[in-house]
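Undergrad: Structure below; questions to follow.
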Amino acid sequence: MMGHIDDPCAHCEEMMQPYLDHILNEEEKLEAEAHLSECDWCRRRYRFEESLRVYVRQVVTEPMPAELKLKLAALRLPLE
Amino acid sequence: MAEAPPDAARLASDARDRVHFEEEALGLSDQVYRVARHLAGSREEADDLVQETYARAFRSWRSYQPGTNLRAWLLRILTNLNIDRGRKAQRTPPMQGLEANDYFLYDRLSESDGGISDEDRVVERLSQDDIVSALSSVPHDFRDVIVLVDIGDFSYQDAAQILDIPIGTVMSRLHRGRRILKRELAESVLEEGE
């Protein structure tokens, strides 16, 4: 994560996914949080990413068809 | 009363273990389906895939090691079957401008809404159809990882074992796959705006 000394927002953007996945080391995490605390522009974009992840998960989740559940139960092996 | 012969006792304990395994596996079927639905191309394929998975799991229940992650074990069977079904190899899409950064989808959505300020509302501009279709446009290798981690809630470690790839590859595909997904979403927003 080098090469963004002059552009802290670009650096913050690079840290967004690992930050939200909780895989930054302590030093990087503090660095991201320090920038977020003073940069509304980046903060909005982090919040959006978080909402997007939750939203995607919600809308793509389909309940399993009841019929399929019965079919699976019927696949059980008979007791000898 | 005479004791049951050792063979009978073993058979009974075997049957108990098997029933226990089957019940535990069936109890996870909703979670298995949730992931299968988006690993497979359609509902019908997901249905078949889940049935094949359970048929195979019930036959080979002895190879499951009790106490380990049964959901990951089932998903490992399912992803192998999915690959065996001969899904077509897809070329990795070239890194394009829209994918080069992580903020563009938000920028695109908030722009087209005249600078909306509530981030939670911005996502709601994306319809369920936009999202389902964008996810299905993400090439398999990347989609598998997104579906396992972001939708199925598997750890990187579990996803690596299920897909039989190194954990570093899980992380890089996830990072890239999420960007591809956002590119697809941004494109659907652009199309709707035309």
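Residue numbers start at 1 in each chain; chains themselves are named A, B, ... in the order of the structure tokens; ligands are numbered from 1 in the order shown.
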Please provide the set of residues having any atom within 10 Å of Glu124 (chain B), restricted to only C-alpha atoms, with same-chain residues fewer than 4 positions apart removed, written as a list in words.

TA: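 Selected residues are Ser51, Leu52 and Tyr55 of chain A; Leu109, Glu119, Asp120 and Gln128 of chain B.
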
Undergrad: Find the nearest atom pair between each residue of chain A and chain B for residues within 12 Å, count only C-alpha atoms, give distances in Å to one decimal, sort rows by chain and ascending number, and present the table as CSV.

TA:
```
residue,atom,partner,partner_atom,distance
A:Cys9,CA,B:Tyr103,CA,10.3
A:Ala10,CA,B:Asn101,CA,8.7
A:His11,CA,B:Asn101,CA,10.8
A:Cys12,CA,B:Asp102,CA,10.2
A:Glu13,CA,B:Asp102,CA,6.5
A:Glu14,CA,B:Asp102,CA,7.6
A:Met15,CA,B:Asp102,CA,9.8
A:Met16,CA,B:Asp102,CA,8.0
A:Gln17,CA,B:His175,CA,7.0
A:Pro18,CA,B:His175,CA,8.5
A:Tyr19,CA,B:His175,CA,11.8
A:Leu20,CA,B:His175,CA,11.4
A:Asp21,CA,B:Met171,CA,10.0
A:His22,CA,B:Ser155,CA,11.8
A:Ile23,CA,B:Met171,CA,10.3
A:Asp40,CA,B:Ser117,CA,11.0
A:Trp41,CA,B:Tyr103,CA,10.3
A:Cys42,CA,B:Tyr103,CA,8.7
A:Arg43,CA,B:Glu119,CA,9.9
A:Arg44,CA,B:Glu119,CA,6.5
A:Arg45,CA,B:Tyr103,CA,6.4
A:Tyr46,CA,B:Tyr103,CA,8.6
A:Arg47,CA,B:Glu119,CA,6.4
A:Phe48,CA,B:Glu119,CA,5.0
A:Glu49,CA,B:Tyr106,CA,8.0
A:Glu50,CA,B:Asp120,CA,9.0
A:Ser51,CA,B:Asp120,CA,5.9
A:Leu52,CA,B:Val123,CA,5.9
A:Arg53,CA,B:Asp150,CA,7.3
A:Val54,CA,B:Asp150,CA,8.8
A:Tyr55,CA,B:Val123,CA,7.2
A:Val56,CA,B:Ile131,CA,6.7
A:Arg57,CA,B:Ile151,CA,5.4
A:Gln58,CA,B:Ile151,CA,8.6
A:Val59,CA,B:Gln128,CA,5.6
A:Val60,CA,B:Val132,CA,6.1
A:Thr61,CA,B:Arg34,CA,6.0
A:Glu62,CA,B:Arg34,CA,6.4
A:Pro63,CA,B:Asp30,CA,7.2
A:Met64,CA,B:Asp30,CA,5.8
A:Pro65,CA,B:Asp47,CA,8.7
A:Ala66,CA,B:Asp30,CA,10.1
A:Glu67,CA,B:Asp47,CA,9.9
A:Leu68,CA,B:Asp47,CA,6.9
A:Lys69,CA,B:Ser29,CA,7.5
A:Leu70,CA,B:Leu26,CA,10.0
A:Lys71,CA,B:Gln51,CA,7.5
A:Leu72,CA,B:Gln51,CA,6.1
A:Ala73,CA,B:Leu26,CA,7.1
A:Ala74,CA,B:Ala55,CA,9.6
A:Leu75,CA,B:Ala55,CA,5.9
A:Arg76,CA,B:Phe58,CA,6.4
A:Leu77,CA,B:Phe58,CA,6.9
A:Pro78,CA,B:Val19,CA,9.9
A:Leu79,CA,B:Ala15,CA,7.1
A:Glu80,CA,B:Ala15,CA,8.2
```

Undergrad: For the structure I just gave you, how does DSSP split region 3-80 of chain A - specifically, which residues are alpha helix (DSSP H)? Reply as an NGL selection string.

TA: :A and (8-20 or 26-38 or 40-60 or 66-74)

Undergrad: Using CA of Asp7 (chain A) and CA of Ala34 (chain A) as the two end points, give the distance in Å to one decimal.

TA: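 Taking CA of Asp7 (chain A) as the start and CA of Ala34 (chain A) as the end point, the length is 14.4 Å.
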
Undergrad: May I ask for the distance between CA of Ile167 (chain B) and CA of Val138 (chain B), given in Å to one decimal place?

TA: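 Between CA of Ile167 (chain B) and CA of Val138 (chain B) the gap is 20.0 Å.
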